[in-house]
Amino acid sequence: MSGSTHLRYEILRTLRNPMLYVITLGLPLVLFYGVASGQRHVTHDGTSFPLYFMTAMAVYGAMFAVTSPGARIARDRATGWTRQMMITPLRARTEVTAKVLTMYLMASAALALLFLAGASLGVRLTATQWLELAGLLLAGVGPLAVLGLILGYLLPGDALTPAVGGVVILFALFGGVYGFQLASSGPLFDVMKGLPSYWLVLAGNATVNHGNWPAEAWITIATWVVVLIPVAVLAFRRSASRV
Amino acid sequence: MTVTTDARPGIVLSRLAKSYGAVRAVRDVSLVIAPGETVALLGPNGAGKTTTIDMMLGLIHPDGGTVSIFGAPPSAAVRSGWVGGMLQTGAPLDHLRVREIVTLMASYYPHPLPVDDVLRMTGTAEFARQWTTKLSGGQAQRVRFAAALVGDPDLLLLDEPTAALDVEGRRAFWQTMRTATDRGKTVVFATHYLEEADAYADRIVLLAHGQIVADGPATEIKAQAGSRTIRATLPGADVAALAALPGVRSAQRHGDAVALSCSDADAALPALLGAFPTARDIEVTGGTLEEAFLELTASEPNAREDTVEATR
């Protein structure tokens, strides 16, 4: 028995949700052109503004993309369909794998779209650099993906959309996704450096200036993932017991 | 607890118990169901029907006792695709069409039925292209049934499958159900509709306050509740003598007509004819199942310590 049909319908259900296009693809694209087109030739710390902001908006879209299945999980729980799935031979592993693959598919679409937009405003990278940047960003949104699953398994459906939106916006704000940083030193800066989104926004710079992606970035991201995965497992088990 | 004589082990519930806080939803339920039987779990709200079914599905773990589905624990039976279930809740997945959701369910099972056959059998073919969010209550119920059926499970567990339907919808549902499960499936359904249990089950298990209070064919349950009545024309009969006959619980006289309420009509009738050979116009009527239902579910043995009623 394979999970291919399950995965196919999971993707189909995702693609049939029009709001998802607006939030994960449309919003970052509009923001990118709105802000970056006026600052095409601005350079900061050796990074062109369009590259910096393309990366930031790609992170923004990807964060929404990877957290979006949370809403569907919560809705399936609310309608009772999760329990219906639990009395079929479908394995939890197949189900979670399909969710993760789907969220990464949407995140990849968000990246591809923003990369195209970036190129249209003069961002020039080699093929290797594009791939490296995409790889860094997809790995870096991992903690958000796990967080989306946790919220989906824990929260009631109507609380989910604001919760996910709030989390993504906080990560974006403190990570400097909106094009400005809240602090450059002090305790607030330490908090910012503790967020994966802070490092992700700098990934564009890191890609162009080789070796500029510090070990601290990997440690931060890995720590988030290592801490969140057991929480996700607990949340999943809790939601699997009777509601 | 003896196992069924059928070659295959059936479904065995052994001393099941489950409490929610102070509420004892199910207490000491033991039941053996042979393969191929259609069994109704009948009882009022709070009798423990849903909790029992959820334990059979492995959705909740019993505090005590065991469930065995064809010789396996529920979770293993579910994983092997032996079980199809229709829960009380479970609106179909959104952003999918009816046909897609049945196809999706089929993909989970090792030997599913052809999707088109199931759509036709369950009367869902005519709206197979409809979005699952745009269905009427009756249509959604049929889709849920199609989803439970398409994996071709050996055991179907249906928790109040007709709860959302009107009388006509209920009849149509059971007609479909009959056709679809003609091939030796074991079916267990929960209901609080007496007529439904009477009409569609081989056997009724009557639950009240988390316990089995009666178990058998509908006729046996009526008899068990002692609600058969013998009427006869018997001028000048002695009511006390009638009431003393074996199998008679009480006797009444209205002019020449007497009515004997019997706990065992089979014993009472020959006794009546032996003692009162002049009795004529004899008529034996079974009590309604409803009378039996009320009589059997009203008493609450050794349950006085419970102040709260079980919610499921």
# chains A, B, ... in the order shown; residues from 1 in each chain; ligands from 1
$ interface_residues --of "chain A" --to "chain B" --cutoff "9 Å" --atoms "only C-alpha atoms" --output "JSON list (two decimals) with C-alpha atoms, in the first residue's frame"
[["chain", "number", "residue", "atom", "x", "y", "z"],
["A", 1, "MET", "CA", 0.00, 0.00, 0.00],
["A", 2, "SER", "CA", 1.46, 3.32, -0.95],
["A", 3, "GLY", "CA", 0.57, 6.79, 0.17],
["A", 4, "SER", "CA", 0.71, 8.20, -3.35],
["A", 5, "THR", "CA", -3.06, 8.70, -3.66],
["A", 6, "HIS", "CA", -3.11, 10.29, -0.24],
["A", 9, "TYR", "CA", -5.22, 14.47, -2.81],
["A", 12, "LEU", "CA", -5.01, 18.82, -4.64],
["A", 13, "ARG", "CA", -6.78, 20.05, -1.50],
["A", 14, "THR", "CA", -3.99, 22.56, -0.95],
["A", 15, "LEU", "CA", -4.09, 23.86, -4.51],
["A", 16, "ARG", "CA", -7.88, 24.24, -4.34],
["A", 17, "ASN", "CA", -7.63, 26.76, -1.50],
["A", 75, "ARG", "CA", -10.22, 21.89, 10.38],
["A", 76, "ASP", "CA", -10.04, 18.14, 9.83],
["A", 77, "ARG", "CA", -9.93, 17.69, 13.57],
["A", 78, "ALA", "CA", -12.90, 20.00, 14.07],
["A", 79, "THR", "CA", -15.03, 18.22, 11.47],
["A", 80, "GLY", "CA", -14.13, 14.84, 12.95],
["A", 81, "TRP", "CA", -12.43, 13.66, 9.79],
["A", 82, "THR", "CA", -9.17, 13.04, 11.66],
["A", 83, "ARG", "CA", -10.94, 10.39, 13.71],
["A", 84, "GLN", "CA", -12.37, 8.93, 10.53],
["A", 85, "MET", "CA", -8.82, 8.64, 9.13],
["A", 86, "MET", "CA", -7.67, 6.97, 12.33],
["A", 87, "ILE", "CA", -10.03, 4.06, 11.76],
["A", 88, "THR", "CA", -8.56, 3.33, 8.33],
["A", 89, "PRO", "CA", -5.27, 1.52, 7.67],
["A", 90, "LEU", "CA", -3.66, 4.91, 6.87],
["A", 91, "ARG", "CA", -0.49, 5.27, 8.92],
["A", 240, "ALA", "CA", -5.14, 11.37, 18.32],
["A", 241, "SER", "CA", -6.83, 10.56, 21.61],
["A", 242, "ARG", "CA", -10.48, 11.28, 21.95]]
$ select_by_dssp --residues "segment 33-230 of chain A" --states "alpha helix (DSSP H)" --output "number ranges by chain"
A: 33-36, 49-79, 81-86, 92-120, 127-140, 142-154, 157-175, 186-193, 196-201, 203-208, 215-230
$ closest_residue --among "A:Leu121, A:Glu95, A:Ala58, A:Thr128" --to "Ser197 of chain A" --atoms "only C-alpha atoms"
A:Ala58
$ atom_distance --atom1 "atom CA of Met103 of chain A" --atom2 "atom CA of Ala134 of chain A"
14.7 Å
$ residues_around --residues "Glu126 of chain B" --least-positions-apart "2" --cutoff "12 Å" --atoms "only C-alpha atoms" --output "NGL selection string"
:B and (98-99 or 116 or 119-124 or 128-130 or 139 or 142-143)
$ write_last_selection --atoms "C-alpha atoms" --output "tab-separated table (two decimals), in the first residue's frame"
chain	number	residue	atom	x	y	z
B	98	VAL	CA	-17.60	12.99	-3.64
B	99	ARG	CA	-15.91	10.64	-6.08
B	116	ASP	CA	-17.84	2.98	-9.34
B	119	LEU	CA	-20.93	4.88	-5.80
B	120	ARG	CA	-23.76	3.05	-7.54
B	121	MET	CA	-24.56	0.82	-4.55
B	122	THR	CA	-24.75	3.71	-2.11
B	123	GLY	CA	-26.74	5.97	-4.40
B	124	THR	CA	-23.94	8.53	-4.50
B	128	ALA	CA	-20.29	12.03	-7.55
B	129	ARG	CA	-18.94	15.26	-9.03
B	130	GLN	CA	-20.44	17.43	-6.28
B	139	GLN	CA	-26.24	12.96	0.85
B	142	ARG	CA	-24.45	8.33	2.10
B	143	VAL	CA	-20.97	9.56	1.25
$ closest_residue --among "B:Leu269, B:Ala214, B:Leu13, B:Leu135" --to "Arg231 of chain B" --atoms "only C-alpha atoms"
B:Leu269
$ select_by_dssp --residues "segment 121-203 of chain B" --states "strand (DSSP E or B)" --output "mmCIF file with N, CA and C atoms, in the first residue's frame"
data_model
loop_
_atom_site.group_PDB
_atom_site.id
_atom_site.type_symbol
_atom_site.label_atom_id
_atom_site.label_comp_id
_atom_site.auth_asym_id
_atom_site.auth_seq_id
_atom_site.Cartn_x
_atom_site.Cartn_y
_atom_site.Cartn_z
ATOM 1 N N TRP B 131 -19.087 18.903 -4.863
ATOM 2 C CA TRP B 131 -18.138 19.180 -3.781
ATOM 3 C C TRP B 131 -18.708 18.647 -2.473
ATOM 4 N N LEU B 155 -15.799 -6.175 8.949
ATOM 5 C CA LEU B 155 -16.647 -5.669 10.038
ATOM 6 C C LEU B 155 -16.990 -4.206 9.777
ATOM 7 N N LEU B 156 -18.287 -3.910 9.813
ATOM 8 C CA LEU B 156 -18.726 -2.515 9.704
ATOM 9 C C LEU B 156 -19.256 -2.086 11.053
ATOM 10 N N LEU B 157 -18.698 -0.996 11.580
ATOM 11 C CA LEU B 157 -19.164 -0.454 12.850
ATOM 12 C C LEU B 157 -19.805 0.901 12.572
ATOM 13 N N LEU B 158 -21.100 1.009 12.815
ATOM 14 C CA LEU B 158 -21.823 2.226 12.448
ATOM 15 C C LEU B 158 -22.423 2.847 13.701
ATOM 16 N N ASP B 159 -21.968 4.052 14.012
ATOM 17 C CA ASP B 159 -22.458 4.716 15.216
ATOM 18 C C ASP B 159 -23.601 5.657 14.857
ATOM 19 N N THR B 186 -19.978 -8.694 8.890
ATOM 20 C CA THR B 186 -20.445 -8.521 10.253
ATOM 21 C C THR B 186 -20.761 -7.044 10.436
ATOM 22 N N VAL B 187 -21.937 -6.755 10.943
ATOM 23 C CA VAL B 187 -22.334 -5.361 11.088
ATOM 24 C C VAL B 187 -22.768 -5.112 12.531
ATOM 25 N N VAL B 188 -22.204 -4.080 13.126
ATOM 26 C CA VAL B 188 -22.647 -3.670 14.453
ATOM 27 C C VAL B 188 -23.044 -2.208 14.351
ATOM 28 N N PHE B 189 -24.298 -1.893 14.692
ATOM 29 C CA PHE B 189 -24.690 -0.492 14.626
ATOM 30 C C PHE B 189 -25.344 -0.054 15.924
ATOM 31 N N ALA B 190 -25.097 1.203 16.266
ATOM 32 C CA ALA B 190 -25.707 1.776 17.459
ATOM 33 C C ALA B 190 -26.929 2.578 17.026
ATOM 34 N N THR B 191 -27.953 2.506 17.809
ATOM 35 C CA THR B 191 -29.148 3.276 17.478
ATOM 36 C C THR B 191 -29.965 3.505 18.736
ATOM 37 N N ARG B 203 -30.004 -9.430 15.896
ATOM 38 C CA ARG B 203 -29.871 -9.553 17.338
ATOM 39 C C ARG B 203 -29.779 -8.149 17.928
#
$ atom_distance --atom1 "atom CA of Val23 of chain B" --atom2 "atom CA of Thr162 of chain B"
26.7 Å
$ residues_around --residues "Ala232 of chain A" --least-positions-apart "6" --cutoff "12 Å" --atoms "only C-alpha atoms" --output "short mmCIF file (atom, residue, chain, number, x, y, z; two decimals) with C-alpha atoms, in the first residue's frame"
data_model
loop_
_atom_site.label_atom_id
_atom_site.label_comp_id
_atom_site.auth_asym_id
_atom_site.auth_seq_id
_atom_site.Cartn_x
_atom_site.Cartn_y
_atom_site.Cartn_z
CA GLY A 70 -1.80 23.57 10.32
CA VAL A 96 2.53 13.53 8.29
CA PRO A 143 11.22 25.10 12.59
CA LEU A 144 8.19 27.01 11.26
CA ALA A 145 6.95 23.87 9.53
CA VAL A 146 7.09 21.92 12.78
CA LEU A 147 5.50 24.83 14.65
CA GLY A 148 2.63 24.84 12.12
CA LEU A 149 2.01 21.14 12.76
CA ILE A 150 2.07 21.69 16.53
CA LEU A 151 -0.46 24.51 16.37
CA GLY A 152 -2.65 22.44 14.04
CA TYR A 153 -2.68 19.50 16.42
CA LEU A 154 -3.18 21.59 19.55
CA TRP A 224 14.51 24.94 17.19
CA VAL A 225 13.91 21.74 15.26
CA VAL A 226 15.32 19.48 17.98
CA ARG A 238 -2.80 14.21 22.22
CA SER A 239 -4.95 15.05 19.21
#
$ residues_around --residues "Glu216 of chain A" --least-positions-apart "3" --cutoff "9 Å" --atoms "only C-alpha atoms" --output "PyMOL selection string"
chain A and resi 193+199+213+219-221
$ write_last_selection --atoms "N, CA and C atoms" --output "mmCIF file, in the first residue's frame"
data_model
loop_
_atom_site.group_PDB
_atom_site.id
_atom_site.type_symbol
_atom_site.label_atom_id
_atom_site.label_comp_id
_atom_site.auth_asym_id
_atom_site.auth_seq_id
_atom_site.Cartn_x
_atom_site.Cartn_y
_atom_site.Cartn_z
ATOM 1 N N LYS A 193 18.410 37.242 17.306
ATOM 2 C CA LYS A 193 19.372 36.258 16.804
ATOM 3 C C LYS A 193 18.976 34.830 17.188
ATOM 4 N N TRP A 199 18.242 34.755 10.654
ATOM 5 C CA TRP A 199 19.347 34.218 9.852
ATOM 6 C C TRP A 199 18.919 34.019 8.406
ATOM 7 N N TRP A 213 27.533 32.573 6.154
ATOM 8 C CA TRP A 213 26.403 31.943 6.871
ATOM 9 C C TRP A 213 27.001 31.265 8.078
ATOM 10 N N ILE A 219 23.148 26.387 14.224
ATOM 11 C CA ILE A 219 22.863 25.947 15.598
ATOM 12 C C ILE A 219 21.471 26.416 16.021
ATOM 13 N N THR A 220 21.170 27.683 15.700
ATOM 14 C CA THR A 220 19.858 28.220 16.069
ATOM 15 C C THR A 220 18.735 27.400 15.439
ATOM 16 N N ILE A 221 18.857 27.175 14.128
ATOM 17 C CA ILE A 221 17.802 26.451 13.412
ATOM 18 C C ILE A 221 17.685 25.017 13.926
#
$ residues_around --residues "segment 240-247 of chain B" --least-positions-apart "3" --cutoff "10 Å" --atoms "only C-alpha atoms" --output "PDB file with C-alpha atoms, in the first residue's frame"
ATOM      1  CA  GLY B 226     -42.389 -10.193  30.401  1.00  0.00           C
ATOM      2  CA  ALA B 237     -63.508 -16.343  36.744  1.00  0.00           C
ATOM      3  CA  SER B 250     -51.004 -10.354  37.211  1.00  0.00           C
ATOM      4  CA  ALA B 251     -54.603 -10.808  36.146  1.00  0.00           C
ATOM      5  CA  GLN B 252     -57.441  -8.384  35.473  1.00  0.00           C
ATOM      6  CA  ARG B 253     -61.120  -8.905  34.787  1.00  0.00           C
ATOM      7  CA  VAL B 258     -59.881 -11.447  31.459  1.00  0.00           C
ATOM      8  CA  ALA B 259     -56.375 -10.264  30.705  1.00  0.00           C
ATOM      9  CA  LEU B 260     -53.314 -12.054  32.051  1.00  0.00           C
ATOM     10  CA  SER B 261     -50.035 -10.242  31.996  1.00  0.00           C
ATOM     11  CA  CYS B 262     -47.433 -12.990  31.673  1.00  0.00           C
ATOM     12  CA  SER B 263     -43.775 -13.374  32.470  1.00  0.00           C
ATOM     13  CA  ASP B 264     -43.879 -16.731  30.631  1.00  0.00           C
ATOM     14  CA  ALA B 265     -46.822 -17.002  28.254  1.00  0.00           C
ATOM     15  CA  ASP B 266     -45.664 -20.408  27.027  1.00  0.00           C
ATOM     16  CA  ALA B 267     -46.246 -21.836  30.501  1.00  0.00           C
ATOM     17  CA  ALA B 268     -49.289 -19.742  31.284  1.00  0.00           C
ATOM     18  CA  LEU B 269     -51.388 -20.758  28.280  1.00  0.00           C
ATOM     19  CA  PRO B 270     -51.550 -24.549  28.918  1.00  0.00           C
ATOM     20  CA  ALA B 271     -52.032 -23.839  32.618  1.00  0.00           C
ATOM     21  CA  LEU B 272     -54.959 -21.564  31.831  1.00  0.00           C
ATOM     22  CA  ALA B 275     -57.513 -24.970  34.997  1.00  0.00           C
ATOM     23  CA  PHE B 276     -60.252 -23.182  33.048  1.00  0.00           C
TER      24      PHE B 276
END
$ residues_around --residues "Gly118 of chain A" --least-positions-apart "4" --cutoff "6 Å" --atoms "only C-alpha atoms" --output "list in words"
Met54, Leu114 and Val123 of chain A
$ atom_distance --atom1 "atom CA of Phe127 of chain B" --atom2 "atom CA of Val150 of chain B"
16.7 Å
$ closest_residue --among "A:Val177, A:Val59, A:Leu170, A:Leu125" --to "Ala109 of chain A" --atoms "only C-alpha atoms"
A:Val59
$ decode --residues "segment 169-216 of chain A" --atoms "N, CA and C atoms" --output "JSON list (two decimals), in the first residue's frame"
[["chain", "number", "residue", "atom", "x", "y", "z"],
["A", 169, "ILE", "N", 4.01, 36.51, 11.68],
["A", 169, "ILE", "CA", 4.30, 37.95, 11.68],
["A", 169, "ILE", "C", 5.34, 38.30, 12.74],
["A", 170, "LEU", "N", 5.25, 37.64, 13.91],
["A", 170, "LEU", "CA", 6.27, 37.88, 14.94],
["A", 170, "LEU", "C", 7.65, 37.45, 14.47],
["A", 171, "PHE", "N", 7.69, 36.26, 13.87],
["A", 171, "PHE", "CA", 8.98, 35.78, 13.34],
["A", 171, "PHE", "C", 9.50, 36.75, 12.28],
["A", 172, "ALA", "N", 8.59, 37.24, 11.46],
["A", 172, "ALA", "CA", 8.98, 38.15, 10.38],
["A", 172, "ALA", "C", 9.49, 39.47, 10.95],
["A", 173, "LEU", "N", 8.72, 40.02, 11.91],
["A", 173, "LEU", "CA", 9.05, 41.32, 12.47],
["A", 173, "LEU", "C", 10.41, 41.28, 13.19],
["A", 174, "PHE", "N", 10.56, 40.27, 14.08],
["A", 174, "PHE", "CA", 11.80, 40.19, 14.85],
["A", 174, "PHE", "C", 12.96, 39.67, 14.01],
["A", 175, "GLY", "N", 12.64, 39.03, 12.90],
["A", 175, "GLY", "CA", 13.70, 38.52, 12.05],
["A", 175, "GLY", "C", 14.17, 39.52, 11.01],
["A", 176, "GLY", "N", 13.51, 40.65, 10.93],
["A", 176, "GLY", "CA", 13.91, 41.66, 9.97],
["A", 176, "GLY", "C", 13.39, 41.42, 8.56],
["A", 177, "VAL", "N", 12.35, 40.62, 8.46],
["A", 177, "VAL", "CA", 11.80, 40.29, 7.14],
["A", 177, "VAL", "C", 11.21, 41.52, 6.46],
["A", 178, "TYR", "N", 10.70, 42.47, 7.24],
["A", 178, "TYR", "CA", 10.01, 43.61, 6.64],
["A", 178, "TYR", "C", 10.97, 44.68, 6.14],
["A", 179, "GLY", "N", 12.26, 44.39, 6.19],
["A", 179, "GLY", "CA", 13.20, 45.34, 5.60],
["A", 179, "GLY", "C", 13.87, 46.26, 6.60],
["A", 180, "PHE", "N", 13.55, 46.10, 7.87],
["A", 180, "PHE", "CA", 14.25, 46.90, 8.88],
["A", 180, "PHE", "C", 14.47, 46.02, 10.10],
["A", 181, "GLN", "N", 15.48, 46.33, 10.88],
["A", 181, "GLN", "CA", 15.77, 45.55, 12.08],
["A", 181, "GLN", "C", 15.41, 46.35, 13.31],
["A", 182, "LEU", "N", 14.78, 45.67, 14.27],
["A", 182, "LEU", "CA", 14.29, 46.34, 15.47],
["A", 182, "LEU", "C", 15.43, 46.80, 16.37],
["A", 183, "ALA", "N", 16.57, 46.11, 16.31],
["A", 183, "ALA", "CA", 17.70, 46.47, 17.16],
["A", 183, "ALA", "C", 18.97, 45.93, 16.55],
["A", 184, "SER", "N", 20.09, 46.51, 16.90],
["A", 184, "SER", "CA", 21.36, 45.96, 16.41],
["A", 184, "SER", "C", 22.29, 45.62, 17.56],
["A", 185, "SER", "N", 21.79, 45.77, 18.80],
["A", 185, "SER", "CA", 22.56, 45.33, 19.96],
["A", 185, "SER", "C", 21.61, 45.23, 21.15],
["A", 186, "GLY", "N", 22.13, 44.70, 22.26],
["A", 186, "GLY", "CA", 21.32, 44.63, 23.48],
["A", 186, "GLY", "C", 20.46, 43.37, 23.53],
["A", 187, "PRO", "N", 19.62, 43.28, 24.57],
["A", 187, "PRO", "CA", 18.83, 42.05, 24.80],
["A", 187, "PRO", "C", 17.87, 41.76, 23.63],
["A", 188, "LEU", "N", 17.27, 42.81, 23.05],
["A", 188, "LEU", "CA", 16.34, 42.59, 21.96],
["A", 188, "LEU", "C", 17.04, 41.94, 20.76],
["A", 189, "PHE", "N", 18.28, 42.40, 20.54],
["A", 189, "PHE", "CA", 19.06, 41.83, 19.44],
["A", 189, "PHE", "C", 19.36, 40.35, 19.70],
["A", 190, "ASP", "N", 19.60, 40.03, 20.98],
["A", 190, "ASP", "CA", 19.86, 38.63, 21.33],
["A", 190, "ASP", "C", 18.62, 37.77, 21.03],
["A", 191, "VAL", "N", 17.45, 38.32, 21.34],
["A", 191, "VAL", "CA", 16.21, 37.61, 21.04],
["A", 191, "VAL", "C", 16.10, 37.39, 19.54],
["A", 192, "MET", "N", 16.37, 38.45, 18.76],
["A", 192, "MET", "CA", 16.26, 38.36, 17.31],
["A", 192, "MET", "C", 17.18, 37.28, 16.76],
["A", 193, "LYS", "N", 18.41, 37.24, 17.31],
["A", 193, "LYS", "CA", 19.37, 36.26, 16.80],
["A", 193, "LYS", "C", 18.98, 34.83, 17.19],
["A", 194, "GLY", "N", 18.05, 34.72, 18.13],
["A", 194, "GLY", "CA", 17.55, 33.39, 18.52],
["A", 194, "GLY", "C", 16.47, 32.87, 17.59],
["A", 195, "LEU", "N", 16.06, 33.70, 16.64],
["A", 195, "LEU", "CA", 14.98, 33.27, 15.73],
["A", 195, "LEU", "C", 15.56, 32.81, 14.40],
["A", 196, "PRO", "N", 15.05, 31.73, 13.86],
["A", 196, "PRO", "CA", 15.55, 31.26, 12.57],
["A", 196, "PRO", "C", 15.34, 32.29, 11.45],
["A", 197, "SER", "N", 14.27, 33.06, 11.57],
["A", 197, "SER", "CA", 13.96, 34.02, 10.50],
["A", 197, "SER", "C", 15.04, 35.10, 10.37],
["A", 198, "TYR", "N", 15.68, 35.44, 11.49],
["A", 198, "TYR", "CA", 16.74, 36.45, 11.46],
["A", 198, "TYR", "C", 17.86, 36.00, 10.53],
["A", 199, "TRP", "N", 18.24, 34.76, 10.65],
["A", 199, "TRP", "CA", 19.35, 34.22, 9.85],
["A", 199, "TRP", "C", 18.92, 34.02, 8.41],
["A", 200, "LEU", "N", 17.67, 33.64, 8.22],
["A", 200, "LEU", "CA", 17.18, 33.37, 6.87],
["A", 200, "LEU", "C", 17.25, 34.61, 6.00],
["A", 201, "VAL", "N", 16.89, 35.75, 6.61],
["A", 201, "VAL", "CA", 16.89, 36.99, 5.85],
["A", 201, "VAL", "C", 18.31, 37.32, 5.37],
["A", 202, "LEU", "N", 19.30, 36.87, 6.16],
["A", 202, "LEU", "CA", 20.69, 37.13, 5.79],
["A", 202, "LEU", "C", 21.24, 36.12, 4.79],
["A", 203, "ALA", "N", 20.40, 35.12, 4.43],
["A", 203, "ALA", "CA", 20.89, 34.05, 3.57],
["A", 203, "ALA", "C", 21.29, 34.56, 2.20],
["A", 204, "GLY", "N", 20.60, 35.58, 1.72],
["A", 204, "GLY", "CA", 20.95, 36.15, 0.42],
["A", 204, "GLY", "C", 22.36, 36.68, 0.43],
["A", 205, "ASN", "N", 22.66, 37.44, 1.47],
["A", 205, "ASN", "CA", 24.01, 37.98, 1.66],
["A", 205, "ASN", "C", 25.03, 36.85, 1.75],
["A", 206, "ALA", "N", 24.66, 35.81, 2.55],
["A", 206, "ALA", "CA", 25.58, 34.69, 2.76],
["A", 206, "ALA", "C", 25.90, 33.98, 1.45],
["A", 207, "THR", "N", 24.91, 33.90, 0.59],
["A", 207, "THR", "CA", 25.10, 33.18, -0.66],
["A", 207, "THR", "C", 26.07, 33.93, -1.57],
["A", 208, "VAL", "N", 25.93, 35.25, -1.59],
["A", 208, "VAL", "CA", 26.79, 36.03, -2.47],
["A", 208, "VAL", "C", 28.21, 36.10, -1.91],
["A", 209, "ASN", "N", 28.32, 36.38, -0.60],
["A", 209, "ASN", "CA", 29.64, 36.42, 0.03],
["A", 209, "ASN", "C", 29.88, 35.10, 0.73],
["A", 210, "HIS", "N", 30.54, 34.20, 0.06],
["A", 210, "HIS", "CA", 30.69, 32.84, 0.54],
["A", 210, "HIS", "C", 31.16, 32.77, 1.99],
["A", 211, "GLY", "N", 30.64, 31.82, 2.70],
["A", 211, "GLY", "CA", 31.09, 31.58, 4.07],
["A", 211, "GLY", "C", 30.51, 32.54, 5.09],
["A", 212, "ASN", "N", 29.58, 33.39, 4.64],
["A", 212, "ASN", "CA", 29.01, 34.38, 5.53],
["A", 212, "ASN", "C", 27.80, 33.84, 6.31],
["A", 213, "TRP", "N", 27.53, 32.57, 6.15],
["A", 213, "TRP", "CA", 26.40, 31.94, 6.87],
["A", 213, "TRP", "C", 27.00, 31.26, 8.08],
["A", 214, "PRO", "N", 26.93, 31.91, 9.24],
["A", 214, "PRO", "CA", 27.71, 31.45, 10.39],
["A", 214, "PRO", "C", 27.15, 30.17, 11.00],
["A", 215, "ALA", "N", 28.03, 29.49, 11.74],
["A", 215, "ALA", "CA", 27.62, 28.28, 12.44],
["A", 215, "ALA", "C", 26.46, 28.57, 13.39],
["A", 216, "GLU", "N", 26.47, 29.81, 13.93],
["A", 216, "GLU", "CA", 25.40, 30.20, 14.87],
["A", 216, "GLU", "C", 24.02, 30.04, 14.23]]
